[in-house]
Structures are given as C-alpha cells and as structure tokens.
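Peer 1: I have a structure here, written as structure tokens, and I will follow up with some questions on it.
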Amino acid sequence: MVASGLGFDPDALREKYRVERDRRIRPEGIGQYRGVDGEFAGFGDDPHAVPHDREPLTDTVDVLVIGGGFGGLLAGARLRQAGVDGRVRLVDDGADFGGTWHWNRYPGIHCDIESYVYLPLLEELGYVPEWKYSPGEEIREHARAIARHFDLYADAVFQTRVTELRWDEGAWVVATDRGDAIRAKHVIASSGTLSKPKLPGIPGIESFGGHMFHTSRWDYDYTGGDAGGGLTGLADKRVAVIGTGATAIQIVPHLGRDARSLHVFQRTPSSVDVRGNQRTDPEWAKSLGPGWQRRRRDNFLSVVSGVPQDEDMVADGWTGSAELLRKLVHSNAGADLPEDERERLSEIADFQKMNGIRDRVDELVEDPATAEALKPWYRYMCKRPTFSDDYLETFNRPNVTLVDTSAHGGVEAFTEKGPVVGGVEYEVDCVIFATGFSVGFSGVLSGKLPVYGRDGTQLLATWMRGPRTLHGFYSNGFPNLFHLGPLQNAVSVNYVHILDEQATHVAEVIAEAERRGVDVVEPTAEAEERWVGTIREKAHDLRAFQAECTPGYYNGEGMPWPRSEQFGDGPVVFHEVLRTWRAGGMDDVLAGGQA
Ligand code: NDP
C-alpha cells in the first residue's frame with residue numbers, strides 16, 4: 001500500500017532492502033577477502049618506487065611520525081607552527097609523501113569531498129585548488145608542497161616500515177624493516193586505516209593467464225595514459241573490472257572509453273549522485289579573506305553533522321543529503337522528538353533520497369535490465385555514497401557490459417581465461433581489482449606494529465577489553481605516544497579536517513610540554529578512566545542500523561562491529577571539548593610522571 005502523501009510504500013521498501021541484503025550476506029564475513037601477501041605480495045608493490053639501499057639509522061630525533069599521508073604531514077606542520085623546532089622525522093612505506101594519494105593514481109582519480117575544505121593548509125601555502133573537486137595529482141602535489149613548506153623532507157625516511165616501538169629510559173626505540181633503531185622522544189602514529197589493498201578470495205585467481213593488478217597500484221606501463229585518461233594500451237584489450245565501489249565509479253568511464261571491451265563485475269551497486277565538478281572561479285579565489293578555509297571547513301563539518309547553519313557554503317551532495325534529513329526531522333515537530341519518531345522520519349528522508357538516486361539511473365541508462373541492476377537498495381549511509389556525471393552513462397556504450405553477480409555472491413571463480421559467474425566464463429586479457437582495502441589492517445591497532453610501553457607492557461594486551469585512552473590520543477603506561485585516527489574520538493566524512501584537529505591538538509600538547517620542561521606526556525589513570533566512561537556513556541549504538549545494512553566494510557561485511565568507540569555528541573562538540581581542555585592547562589597529561 002502507498003502511504004498517503006509519500007508516493008511510495010515504506011514497508012515495501014524496507015522489505016525490499018531486507019531481501020537484497022539477505023542475498024548478499026556471506027557467512028565468511030571479512031574472511032572472504034585475502035591480503036596482498038604470500039603469493040599475492042606482488043599486488044602490493046609500489047609501482048612508483050625506485051629500489052634503493054641505505055645504511056640502518058641509529059640516530060635520535062625529537063618527534064618521529066609514522067605515516068607520510070595528510071595525518072603525518074599535518075602533525076609535522078602543526079608541530080612547526082606550535083614552535084617545536086627540533087628534528088621531526090616522518091617515516092612511510094611509500095616512496096614519497098601523500099599517503100593514499102601517493103598510492104592511488106588510477107585514471108579518473110578525484111577527491112569526492114570539495115577541495116576547498118579537503119586540502120589542508122591552503123591559506124598557509126597561499127594556494128587555492130583549480131577545481132571544486134581536485135584530481136588526485138593536484139592533491140599529491142599539494143601534500144609534497146606541505147612537506148617542502150614545513151621542511152619535512154630533510155629528516156624523512158621512505159620505503160621503510162616501522163616494525164616495533166619500545167619505551168626505553170625516556171625515549172622510544174623505533175625499529176623498522178630496514179634494521180633502523182631510531183630513538184625518538186615522542187612518537188605520533190598516523191598510519192591510516194584504509195591503506196592495505198585487499199583481494200577477493202576467489203578460487204583460481206592465480207591460474208588466470210592474463211594481466212592483473214589492483215586499482216591502488218595502477219599499471220600504466222600496461223594500460224598507457226595517465227590519471228587524466230588516454231589509456232591507449234587498452235585499445236585492443238578485453239578488460240574486466242571487479243567491484244563497483246567509489247574507486248570503480250571513477251575508473252569505469254575511462255576504461256569504457258579506451259578499452260576494446262569492458263565487463264564490469266558488480267555485486268552491489270553504489271549510490272551514484274550528481275558530481276557537478278567545476279573550475280575555480282579566479283574572481284572568487286581573489287575575494288577570499290583571511291580565515292576563509294577554517295570558516296568553510298567548520299561550516300561543512302557542522303552541516304554534515306546536523307548542526308544548523310545559516311548558510312550551506314559547500315552546497316553539494318554531502319551537505320544536501322544531511323540538510324534534507326535535518327530539515328525533515330525539525331520541520332515535523334521541532335527538536336524534542338522521541339527517539340523512535342526521529343528514526344521514522346530519518347528513514348523516510350533516506351527513502352526519498354535513495355528514490356532520487358534510483359530515478360537517476362532510469363534517466364541515464366538506456367537498457368532497462370541494466371538500469372534495474374544498477375539500482376542500489378539500501379539506506380544511504382550503508383555504503384560510501386559516490387558521485388559521478390559519467391559512470392552510469394558508460395553502460396550505454398556498445399563495448400561495455402554490466403555483469404550482475406549478486407545472485408552468486410560475487411565472481412565465483414577464475415580460470416586461465418578469466419572470471420566465472422553463474423557457470424559462464426568471461427574471456428578477457430586484463431583483470432583490474434577495484435576491491436578496496438582492509439579496514440584497520442595497518443598500524444598499532446591491528447597488532448602488526450607491536451608497542452611495548454613502560455615495564456615492557458604490550459599495548460594491545462592492556463586493551464584486551466577495548467581501547468583505553470584520553471580523548472583517543474594517549475594511554476597511561478605508554479608515555480609520549482600519540483595516536484591519530486578514529487579511536488575514542490569523533491570522525492566525519494572530511495577525514496583530513498578531523499586529522500588536522502587531532503594534529504593541532506597533539507602539537508600543542510607537545511609544545512606546551514617543551515615550554516614547561518616536562519619530559520613525560522602521559523594521561524593519569526583517572527583521566528583515562530573518565531574518558532573511557534564518557535565514550536561508553538555517549539557512544540551511539542549503531543548495531544541495529546548496521547545489522548540492517550547491505551554488507552560492506554562499513555558494517556564488518558554484515559557482521560556489525562561489537563561496540564562503537566565514537567564520541568556520541570559528534571565532532572563539532574568533540575573539537576570544542578579539546579579546545580576547552582587545552583585552555584584548562586593540560587594537567588591531565590603534563591603532571592610530569594616518571595620516565
Ligand atoms: P570498496 O571496498 O568500496 O569496494 C569494493 C568493491 O569490490 C565492492 O563493490 C564489492 O562489492 C566488490 N567486491 C568484493 N568482492 C567481490 C567479489 N568476490 N565479486 C565481485 N565484487 C566484489 O573499495 P573502493 O576502492 O571502491 O573504495 C574504498 C574506500 O576508499 C571508499 O569507501 C572511500 O572511503 C575511499 N575512496 C575515496 C575516494 C574519494 O574521492 N575521497 C575515491 C575512492 C575511494 P560489495 O559492495 O558487494 O561488497
């Protein structure tokens with residue numbers, strides 16, 4: 001039955017979502033994937049690196065930062081600005097700065113968050129991006145420009161993986177896979193959460209006789225062209241892409257244009273909204289006054305967090321959908337709605353948003369069966385929303401075929417000739433895995449990088465029953481060690497903004513310790529206990545929502561994460577909590593304990 005005034009039946013849609021979710025659930029959960037190690041290690045090699053040897057380092061630095069992506073770069077930059085002028089050494093696996101933008105250089109790569117709020121330190125570098133949504137190369141160059149501007153190349157170490165941190169008489173001894181034993185007074189860990197490519201555990205991949213690579217290690221020697229397209233090497237090639245997430249949405253238009261034939265193997269369609277990229281208006285760029293980026297970034301964060309603003313400065317798909325939801329809830333009864341009524345209205349706004357996304361597929365895709373297969377049936381934030389003005393249209397090309405694998409749980413097998421779905425073998429020359437990344441694979445949290453604190457205590461052993469930190473940054477027993485990333489704090493889609501607030505905080509704490517002559521930065525056990533209590537009290541229980549979502553990395557492939565460790569009042573309030581705490585003297589961590 002169609003509910004009055006809505007034009008659709010919420011019960012029928014809810015049921016459709018459930019059916020579509022149920023047929024995608026796989027009992028192996030994240031176990032269906034494999035890492036790029038063992039016989040698949042070659043999938044993880046850095047195509048941008050020239051092999052080089054160097055002698056192991058045994059020197060001493062003031063601050064060692066693990067990770068040369070935006071988190072690490074911001075830590076370096078904010079330390080310099082806070083007046084920490086000692087040696088700051090960034091260490092990264094890759095051959096240069098940039099993190100995800102170093103690794104990912106696939107054709108079509110763009111940031112899907114507006115560049116004026118995503119790229120950090122624009123005012124400091126006197127730079128305004130050329131496009132509303134920057135291409136990857138512009139972002140990578142900006143990362144390198146930050147490193148030059150703040151003199152972070154001088155002590156940087158690349159193609160190096162940190163393998164152990166051990167506290168030893170007032171400093172960390174940092175071991176690496178190159179035999180280094182660097183002493184560092186402070187260590188900041190910012191190694192990213194989506195940095196290790198993953199492959200599907202499809203039987204027979206190794207038997208495929210053609211060419212294969214992962215999107216984050218694009219092989220331009222094979223395809224020709226560059227991130228702008230022009231993949232001339234594919235003109236006579238039959239290409240398969242496995243996966244249809246945010247990455248595939250950006251590469252498929254180029255492959256469709258340049259390959260002899262393209263088969264896109266889809267298990268779950270993405271929501272694909274309007275992009276509307278445009279060049280930066282030079283007059284607008286000239287008109288920007290001091291503080292413009294902070295205002296715009298704060299405005300974006302507030303809007304997407306549901307905090308009312310007089311103006312939506314960014315005005316795009318992210319802010320539009322957040323505003324839609326907020327207005328619907330508030331226009332119906334003000335702020336004091338009971339929780340279940342808020343949820344009902346939020347679900348209706350979500351249905352309306354997704355109906356619009358599905359209508360767009362019908363408008364743009366000519367073949368009705370293909371259009372039907374490209375429609376996503378789940379709530380908007382179950383999967384990463386995507387934006388493109390040429391992805392859906394690519395399926396109108398005669399050389400492009402969508403292969404819907406949903407009835408078979410994905411691509412079932414590989415033979416020497418290519419992927420197999422529903423017993424049908426698709427013969428291709430090249431397979432490109434757009435199958436994403438292991439969540440939290442790298443860094444301290446995964447246990448791949450063991451950390452031994454005071455008395456040799458192992459960090460993860462003290463976190464057996466969940467992380468214990470103050471504000472997500474540091475833990476009692478592990479002096480002068482700081483974590484950046486999603487840990488007992490508040491995150492948001494503009495992740496670089498979140499990292500910047502975190503880096504600023506850590507830099508100011510370290511600078512204050514130096515000013516006061518405090519050698520040990522470490523939260524008291526009481527302060528840590530209070531914060532863990534706050535997190536437990538405020539964290540939203542997302543398990544019910546996640547359990548209803550179609551599987552993906554947002555919900556542990558349909559096996560929801562045990563408990564949220566996020567600050568439930570959201571990032572806007574969290575950042576205020578940090579500022580207030582800093583203004584209050586920082587005594588919780590600067591009491592000057594034993595080394
Ligand atoms: P995702 O994890 O989002 O997508 C992986 C894709 O592979 C999914 O479509 C998945 O299907 C599919 N897949 C996995 N196994 C199989 C199988 N056996 N058969 C068929 N299909 C399979 O990875 P992405 O690289 O696309 O994106 C990862 C993240 O990177 C994004 O969520 C985003 O955070 C970030 N990103 C950001 C961009 C930006 O502009 N800021 C751009 C690109 C990426 P299913 O959905 O059914 O599991």
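Letters A, B, ... go to the chains of the structure tokens in the order shown; residues in each chain start at 1; ligands are counted from 1 in the same order.
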Tell me which protein, DNA and RNA residues are within 9 Å of Ala371 (chain A), counting only C-alpha atoms, leaving out same-chain ones fewer than 4 positions away, and put them as a ChimeraX atom specification.

Peer 2: /A:358,361-367,375,392,395

Peer 1: For the residues in that selection, give me N, CA, C and O atoms as a PDB file, in the first residue's frame.

Peer 2:
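File written: part.pdb
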ATOM      1  N   ARG A 358      17.769   6.275  -7.442  1.00  0.00           N
ATOM      2  CA  ARG A 358      17.309   5.204  -8.356  1.00  0.00           C
ATOM      3  C   ARG A 358      16.644   5.798  -9.604  1.00  0.00           C
ATOM      4  O   ARG A 358      16.828   5.291 -10.705  1.00  0.00           O
ATOM      5  N   VAL A 361      19.128   6.640 -12.220  1.00  0.00           N
ATOM      6  CA  VAL A 361      19.605   5.510 -13.032  1.00  0.00           C
ATOM      7  C   VAL A 361      18.671   5.335 -14.241  1.00  0.00           C
ATOM      8  O   VAL A 361      19.132   5.185 -15.384  1.00  0.00           O
ATOM      9  N   ASP A 362      17.360   5.373 -14.002  1.00  0.00           N
ATOM     10  CA  ASP A 362      16.407   5.216 -15.110  1.00  0.00           C
ATOM     11  C   ASP A 362      16.566   6.328 -16.146  1.00  0.00           C
ATOM     12  O   ASP A 362      16.423   6.102 -17.349  1.00  0.00           O
ATOM     13  N   GLU A 363      16.858   7.537 -15.662  1.00  0.00           N
ATOM     14  CA  GLU A 363      17.004   8.666 -16.602  1.00  0.00           C
ATOM     15  C   GLU A 363      18.236   8.507 -17.490  1.00  0.00           C
ATOM     16  O   GLU A 363      18.226   8.922 -18.649  1.00  0.00           O
ATOM     17  N   LEU A 364      19.291   7.898 -16.958  1.00  0.00           N
ATOM     18  CA  LEU A 364      20.579   7.930 -17.659  1.00  0.00           C
ATOM     19  C   LEU A 364      20.941   6.639 -18.388  1.00  0.00           C
ATOM     20  O   LEU A 364      21.740   6.665 -19.319  1.00  0.00           O
ATOM     21  N   VAL A 365      20.380   5.507 -17.954  1.00  0.00           N
ATOM     22  CA  VAL A 365      20.786   4.221 -18.544  1.00  0.00           C
ATOM     23  C   VAL A 365      19.685   3.734 -19.491  1.00  0.00           C
ATOM     24  O   VAL A 365      18.525   3.590 -19.097  1.00  0.00           O
ATOM     25  N   GLU A 366      20.080   3.489 -20.740  1.00  0.00           N
ATOM     26  CA  GLU A 366      19.075   3.212 -21.772  1.00  0.00           C
ATOM     27  C   GLU A 366      18.463   1.820 -21.657  1.00  0.00           C
ATOM     28  O   GLU A 366      17.259   1.657 -21.793  1.00  0.00           O
ATOM     29  N   ASP A 367      19.271   0.808 -21.408  1.00  0.00           N
ATOM     30  CA  ASP A 367      18.749  -0.559 -21.370  1.00  0.00           C
ATOM     31  C   ASP A 367      18.049  -0.801 -20.020  1.00  0.00           C
ATOM     32  O   ASP A 367      18.687  -0.708 -18.967  1.00  0.00           O
ATOM     33  N   LYS A 375      20.536  -0.270  -9.748  1.00  0.00           N
ATOM     34  CA  LYS A 375      19.861   0.478  -8.666  1.00  0.00           C
ATOM     35  C   LYS A 375      20.235  -0.063  -7.289  1.00  0.00           C
ATOM     36  O   LYS A 375      20.108  -1.255  -7.034  1.00  0.00           O
ATOM     37  N   LEU A 392      27.284   6.181 -14.905  1.00  0.00           N
ATOM     38  CA  LEU A 392      26.081   5.458 -15.348  1.00  0.00           C
ATOM     39  C   LEU A 392      25.962   5.481 -16.872  1.00  0.00           C
ATOM     40  O   LEU A 392      25.631   4.460 -17.498  1.00  0.00           O
ATOM     41  N   PHE A 395      27.448   2.766 -19.311  1.00  0.00           N
ATOM     42  CA  PHE A 395      26.789   1.489 -19.632  1.00  0.00           C
ATOM     43  C   PHE A 395      25.924   1.580 -20.890  1.00  0.00           C
ATOM     44  O   PHE A 395      25.376   0.581 -21.342  1.00  0.00           O
TER      45      PHE A 395
END

Peer 1: Could you give me the residues within 7 Å of ligand 1, counting only C-alpha atoms and all ligand atoms, as an NGL selection string?

Peer 2: :A and (24 or 109-113 or 194 or 200-202 or 242-248 or 265-269 or 384 or 405 or 409-412 or 434-437 or 551-553)

Peer 1: With N, CA, C and O atoms kept, could you save the residues just selected as a compact mmCIF listing (two decimals), in the first residue's frame?

Peer 2:
# COMPACT_ATOMS: atom_id res chain seq x y z
N ARG A 24 22.95 -11.05 -0.07
CA ARG A 24 24.37 -10.69 -0.21
C ARG A 24 25.22 -11.13 0.98
O ARG A 24 26.44 -11.12 0.91
N ILE A 109 41.07 9.59 -11.04
CA ILE A 109 41.08 9.80 -9.58
C ILE A 109 40.83 11.27 -9.23
O ILE A 109 41.49 12.17 -9.74
N HIS A 110 39.85 11.47 -8.37
CA HIS A 110 39.49 12.77 -7.83
C HIS A 110 39.10 12.59 -6.38
O HIS A 110 38.66 11.50 -6.00
N CYS A 111 39.18 13.65 -5.63
CA CYS A 111 38.63 13.58 -4.28
C CYS A 111 37.14 13.88 -4.36
O CYS A 111 36.74 14.81 -5.07
N ASP A 112 36.34 13.10 -3.65
CA ASP A 112 34.90 13.37 -3.74
C ASP A 112 34.40 14.28 -2.62
O ASP A 112 33.21 14.50 -2.49
N ILE A 113 35.33 14.82 -1.84
CA ILE A 113 35.00 15.90 -0.90
C ILE A 113 35.51 17.19 -1.53
O ILE A 113 36.58 17.20 -2.14
N LEU A 194 42.78 2.71 5.79
CA LEU A 194 42.37 2.02 4.55
C LEU A 194 43.58 1.99 3.63
O LEU A 194 43.51 2.47 2.50
N PRO A 200 39.63 -10.29 -3.39
CA PRO A 200 38.62 -11.28 -3.01
C PRO A 200 39.25 -12.67 -3.00
O PRO A 200 40.15 -12.95 -3.81
N GLY A 201 38.80 -13.51 -2.10
CA GLY A 201 39.35 -14.87 -2.05
C GLY A 201 38.68 -15.77 -3.07
O GLY A 201 38.15 -16.82 -2.72
N ILE A 202 38.72 -15.35 -4.31
CA ILE A 202 38.05 -16.13 -5.38
C ILE A 202 38.98 -17.27 -5.80
O ILE A 202 40.15 -17.03 -6.11
N ILE A 242 36.58 -5.82 -11.36
CA ILE A 242 35.83 -6.49 -10.29
C ILE A 242 35.57 -5.46 -9.21
O ILE A 242 36.51 -4.92 -8.61
N GLY A 243 34.30 -5.18 -8.93
CA GLY A 243 33.96 -4.23 -7.88
C GLY A 243 33.37 -2.95 -8.44
O GLY A 243 33.73 -2.51 -9.55
N THR A 244 32.44 -2.35 -7.67
CA THR A 244 31.77 -1.13 -8.11
C THR A 244 31.64 -0.12 -6.97
O THR A 244 30.60 0.52 -6.80
N GLY A 245 32.70 -0.01 -6.15
CA GLY A 245 32.71 0.99 -5.07
C GLY A 245 33.17 2.35 -5.58
O GLY A 245 33.20 2.60 -6.80
N ALA A 246 33.56 3.22 -4.66
CA ALA A 246 33.91 4.61 -5.01
C ALA A 246 35.06 4.69 -6.01
O ALA A 246 35.11 5.60 -6.85
N THR A 247 35.98 3.72 -5.96
CA THR A 247 37.09 3.73 -6.91
C THR A 247 36.60 3.36 -8.31
O THR A 247 36.92 4.04 -9.30
N ALA A 248 35.84 2.27 -8.41
CA ALA A 248 35.36 1.81 -9.72
C ALA A 248 34.55 2.90 -10.42
O ALA A 248 34.65 3.08 -11.63
N PHE A 265 32.10 -6.25 -13.29
CA PHE A 265 31.51 -7.29 -12.44
C PHE A 265 31.02 -6.66 -11.15
O PHE A 265 31.82 -6.25 -10.31
N GLN A 266 29.71 -6.58 -11.02
CA GLN A 266 29.10 -5.89 -9.88
C GLN A 266 28.44 -6.88 -8.93
O GLN A 266 27.73 -7.78 -9.36
N ARG A 267 28.68 -6.69 -7.63
CA ARG A 267 27.93 -7.48 -6.65
C ARG A 267 26.85 -6.61 -6.02
O ARG A 267 25.69 -6.97 -5.97
N THR A 268 27.25 -5.41 -5.55
CA THR A 268 26.26 -4.46 -5.00
C THR A 268 26.48 -3.12 -5.69
O THR A 268 27.60 -2.61 -5.70
N PRO A 269 25.42 -2.53 -6.27
CA PRO A 269 25.63 -1.22 -6.90
C PRO A 269 25.88 -0.13 -5.87
O PRO A 269 25.36 -0.19 -4.75
N ARG A 384 29.52 3.81 1.25
CA ARG A 384 30.07 5.12 0.90
C ARG A 384 29.30 5.68 -0.30
O ARG A 384 29.31 5.09 -1.40
N THR A 405 26.54 -9.99 -10.49
CA THR A 405 26.95 -11.24 -9.82
C THR A 405 26.18 -11.47 -8.52
O THR A 405 26.51 -12.38 -7.77
N GLY A 409 26.85 -14.35 -5.16
CA GLY A 409 27.77 -13.92 -4.09
C GLY A 409 29.03 -13.29 -4.63
O GLY A 409 30.04 -13.24 -3.92
N GLY A 410 29.01 -12.84 -5.86
CA GLY A 410 30.20 -12.24 -6.46
C GLY A 410 30.77 -13.14 -7.54
O GLY A 410 30.16 -14.15 -7.91
N VAL A 411 31.94 -12.73 -8.03
CA VAL A 411 32.63 -13.58 -9.01
C VAL A 411 32.97 -14.89 -8.30
O VAL A 411 33.50 -14.90 -7.19
N GLU A 412 32.62 -16.01 -8.95
CA GLU A 412 32.74 -17.30 -8.24
C GLU A 412 34.10 -17.95 -8.37
O GLU A 412 34.56 -18.65 -7.46
N ALA A 434 39.06 -3.71 -8.27
CA ALA A 434 38.64 -2.48 -7.57
C ALA A 434 37.94 -2.93 -6.29
O ALA A 434 36.80 -2.55 -6.01
N THR A 435 38.66 -3.77 -5.53
CA THR A 435 38.02 -4.48 -4.41
C THR A 435 38.38 -3.89 -3.05
O THR A 435 38.16 -4.55 -2.02
N GLY A 436 38.93 -2.69 -3.02
CA GLY A 436 39.05 -1.96 -1.77
C GLY A 436 40.22 -2.37 -0.90
O GLY A 436 41.21 -2.96 -1.35
N PHE A 437 40.07 -2.05 0.39
CA PHE A 437 41.19 -2.09 1.35
C PHE A 437 40.77 -2.76 2.65
O PHE A 437 39.61 -2.70 3.04
N PRO A 551 25.83 -5.76 3.17
CA PRO A 551 27.20 -5.90 3.67
C PRO A 551 28.23 -5.04 2.94
O PRO A 551 28.08 -4.74 1.77
N GLY A 552 29.25 -4.65 3.67
CA GLY A 552 30.34 -3.84 3.12
C GLY A 552 31.29 -3.55 4.26
O GLY A 552 31.07 -3.99 5.39
N TYR A 553 32.33 -2.76 3.99
CA TYR A 553 33.31 -2.56 5.06
C TYR A 553 32.78 -1.63 6.16
O TYR A 553 33.30 -1.62 7.26

Peer 1: I need the residue nearest Gly72 (chain A) from this list: A:Thr469, A:Thr100, A:Ser207, A:Thr60. Use only C-alpha atoms for the distance.

Peer 2: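 Checking each candidate against Gly72 (chain A), we get A:Thr100 as the closest.
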
Peer 1: Could you please write out, as an MDAnalysis selection string, every residue of region 81-320 of chain A that DSSP assigns to helix (DSSP H, G or I)?

Peer 2: chainID A and resid 81 100:103 115:118 122:125 136:149 205:207 215:217 220:223 232:234 246:258 282:287 292:304 317:320

Peer 1: Go through region 96-149 of chain A and flag each residue having an atom no more than 10 Å from region 37-50 of chain A; for those, report the closest pair of atoms plus their distance in Å to one decimal, using only C-alpha atoms, ordered by chain and rising number, as CSV.

Peer 2:
residue,atom,partner,partner_atom,distance
A:Asp96,CA,A:Ala49,CA,8.5
A:His102,CA,A:His48,CA,8.3
A:Trp103,CA,A:Asp46,CA,7.4
A:Arg105,CA,A:His48,CA,9.8

Peer 1: Take the residues from that selection and put them in a file with N, CA, C and O atoms, as a CSV table (one decimal), in the first residue's frame.

Peer 2:
chain,number,residue,atom,x,y,z
A,96,ASP,N,57.3,8.4,-1.3
A,96,ASP,CA,57.2,9.9,-1.2
A,96,ASP,C,56.0,10.2,-0.2
A,96,ASP,O,55.3,9.2,0.2
A,102,HIS,N,49.5,9.1,-2.7
A,102,HIS,CA,50.7,8.5,-3.3
A,102,HIS,C,50.4,7.2,-4.0
A,102,HIS,O,50.8,6.9,-5.2
A,103,TRP,N,49.6,6.4,-3.3
A,103,TRP,CA,49.4,5.0,-3.8
A,103,TRP,C,48.4,5.0,-4.9
A,103,TRP,O,48.5,4.3,-5.9
A,105,ARG,N,46.6,6.3,-8.0
A,105,ARG,CA,46.8,7.2,-9.1
A,105,ARG,C,46.1,6.7,-10.3
A,105,ARG,O,46.4,7.0,-11.5

Peer 1: So that each row is one residue of region 219-299 of chain A with an atom at most 12 Å from region 488-501 of chain A, can you give its shortest atom pair and the distance in Å to one decimal, using only C-alpha atoms, rows by chain and rising number, as a tab-separated table?

Peer 2:
residue	atom	partner	partner_atom	distance
A:Gln293	CA	A:His497	CA	10.7
A:Arg294	CA	A:His497	CA	9.5
A:Arg295	CA	A:His497	CA	12.0
A:Arg296	CA	A:His497	CA	11.0
A:Arg297	CA	A:His497	CA	7.3
A:Asp298	CA	A:His497	CA	8.8
A:Asn299	CA	A:His497	CA	11.6

Peer 1: Calculated over only C-alpha atoms, which of the candidates A:Met464, A:Ala322, A:Val421, A:Val61 has the smallest distance to Arg183 (chain A)?

Peer 2: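 Looking at the shortest contact to Arg183 (chain A), the residue is A:Val61.
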
Peer 1: Show which residues sit within 12 Å of region 288-292 of chain A, as a CSV table (one decimal) with N, CA and C atoms, in the first residue's frame. Count only C-alpha atoms, and ignore same-chain residues fewer than 2 positions away.

Peer 2:
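Generated output (result09.csv):
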chain,number,residue,atom,x,y,z
A,116,TYR,N,38.2,22.7,-1.5
A,116,TYR,CA,38.5,23.9,-0.6
A,116,TYR,C,38.3,23.5,0.9
A,117,VAL,N,37.6,22.4,1.2
A,117,VAL,CA,37.6,22.0,2.6
A,117,VAL,C,38.4,20.8,2.8
A,121,LEU,N,45.7,23.3,5.0
A,121,LEU,CA,46.8,24.3,5.0
A,121,LEU,C,46.8,25.1,3.7
A,122,LEU,N,45.6,25.4,3.1
A,122,LEU,CA,45.6,26.1,1.9
A,122,LEU,C,46.0,27.6,2.1
A,123,GLU,N,45.6,28.2,3.2
A,123,GLU,CA,46.0,29.6,3.4
A,123,GLU,C,47.4,29.7,3.8
A,124,GLU,N,47.9,28.7,4.5
A,124,GLU,CA,49.4,28.7,4.9
A,124,GLU,C,50.2,28.7,3.7
A,126,GLY,N,49.2,29.6,0.6
A,126,GLY,CA,48.7,30.6,-0.4
A,126,GLY,C,48.2,29.9,-1.6
A,127,TYR,N,47.5,28.8,-1.5
A,127,TYR,CA,47.0,28.1,-2.6
A,127,TYR,C,45.5,27.9,-2.6
A,128,VAL,N,44.9,28.1,-3.8
A,128,VAL,CA,43.5,27.7,-4.0
A,128,VAL,C,43.4,26.7,-5.1
A,281,ASP,N,36.5,29.7,-9.9
A,281,ASP,CA,36.4,31.0,-10.4
A,281,ASP,C,37.5,31.9,-9.9
A,282,PRO,N,38.4,32.4,-10.7
A,282,PRO,CA,39.5,33.2,-10.2
A,282,PRO,C,39.1,34.4,-9.4
A,283,GLU,N,37.9,35.0,-9.8
A,283,GLU,CA,37.5,36.2,-9.0
A,283,GLU,C,37.1,35.8,-7.6
A,284,TRP,N,36.4,34.6,-7.5
A,284,TRP,CA,36.1,34.1,-6.2
A,284,TRP,C,37.3,33.8,-5.4
A,285,ALA,N,38.3,33.2,-6.0
A,285,ALA,CA,39.6,32.9,-5.3
A,285,ALA,C,40.2,34.2,-4.8
A,286,LYS,N,40.2,35.2,-5.6
A,286,LYS,CA,40.8,36.5,-5.2
A,286,LYS,C,40.1,37.1,-4.0
A,294,ARG,N,39.1,28.0,7.3
A,294,ARG,CA,38.6,27.5,8.6
A,294,ARG,C,37.1,27.6,8.6
A,295,ARG,N,36.6,28.8,8.2
A,295,ARG,CA,35.2,29.1,8.2
A,295,ARG,C,34.4,28.1,7.3
A,296,ARG,N,35.0,27.8,6.1
A,296,ARG,CA,34.3,26.9,5.2
A,296,ARG,C,34.3,25.5,5.7
A,297,ARG,N,35.5,25.1,6.2
A,297,ARG,CA,35.6,23.7,6.7
A,297,ARG,C,34.7,23.5,7.9
A,298,ASP,N,34.7,24.5,8.8
A,298,ASP,CA,33.8,24.3,10.0
A,298,ASP,C,32.3,24.3,9.6
A,299,ASN,N,32.0,25.1,8.6
A,299,ASN,CA,30.6,25.1,8.1
A,299,ASN,C,30.3,23.7,7.5
A,313,MET,N,27.8,26.6,2.8
A,313,MET,CA,28.8,27.1,1.9
A,313,MET,C,29.2,26.2,0.8

Peer 1: What does the distance between CA of Glu20 (chain A) and CA of Arg34 (chain A) come to in Å, to one decimal place?

Peer 2: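 Value for the CA of Glu20 (chain A)-CA of Arg34 (chain A) distance: 24.7 Å.
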
Peer 1: Quick one: everything within 10 Å of region 164-176 of chain A, counting only C-alpha atoms, minus sequence neighbours fewer than 2 positions away in the same chain. Send it as number ranges by chain.

Peer 2: A: 56-58, 60-64, 66, 91, 160-162, 178-187, 444, 448-458, 477-481, 519-520, 594-595

Peer 1: I need the residue nearest Phe473 (chain A) from this list: A:Gly7, A:Gly423, A:Thr415, A:Ile188. Use only C-alpha atoms for the distance.

Peer 2: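 Of A:Gly7, A:Gly423, A:Thr415, A:Ile188, the one nearest Phe473 (chain A), counting only C-alpha atoms, is A:Ile188.
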
Peer 1: Would you mind listing what lies within 8 Å of region 275-277 of chain A as an NGL selection string, with only C-alpha atoms counted and same-chain residues fewer than 3 positions away left out?

Peer 2: :A and (131-133 or 317 or 387-389)

Peer 1: May I ask for the distance between CA of Phe414 (chain A) and CA of Asp221 (chain A), given in Å to one decimal place?

Peer 2: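 For CA of Phe414 (chain A) relative to CA of Asp221 (chain A), the distance reads 24.0 Å.
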
Peer 1: How would you write, as a list in words, the set of residues in region 199-364 of chain A that DSSP gives as strand (DSSP E)?

Peer 2: Leu199, Pro200, His211, Met212, Phe213, His214, Arg238, Val239, Ala240, Val241, Ile242, Ser261, Leu262, His263, Val264, Phe265, Gln266, Val272 and Asp273 of chain A

Peer 1: Which residue out of A:Asn104, A:Leu402, A:Val439, A:Ile348 has the minimum interatomic distance to Asp9 (chain A) when only C-alpha atoms are used?

Peer 2: A:Ile348

Peer 1: Find the residue from A:Cys382, A:Leu325, A:Ile30, A:Leu119 that sits nearest to Arg140 (chain A); use only C-alpha atoms when measuring.

Peer 2: A:Leu119

Peer 1: I need the residue nearest Gln159 (chain A) from this list: A:Ala95, A:Val509, A:Leu459, A:Ala77. Use only C-alpha atoms for the distance.

Peer 2: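 Nearest to Gln159 (chain A): A:Ala95.
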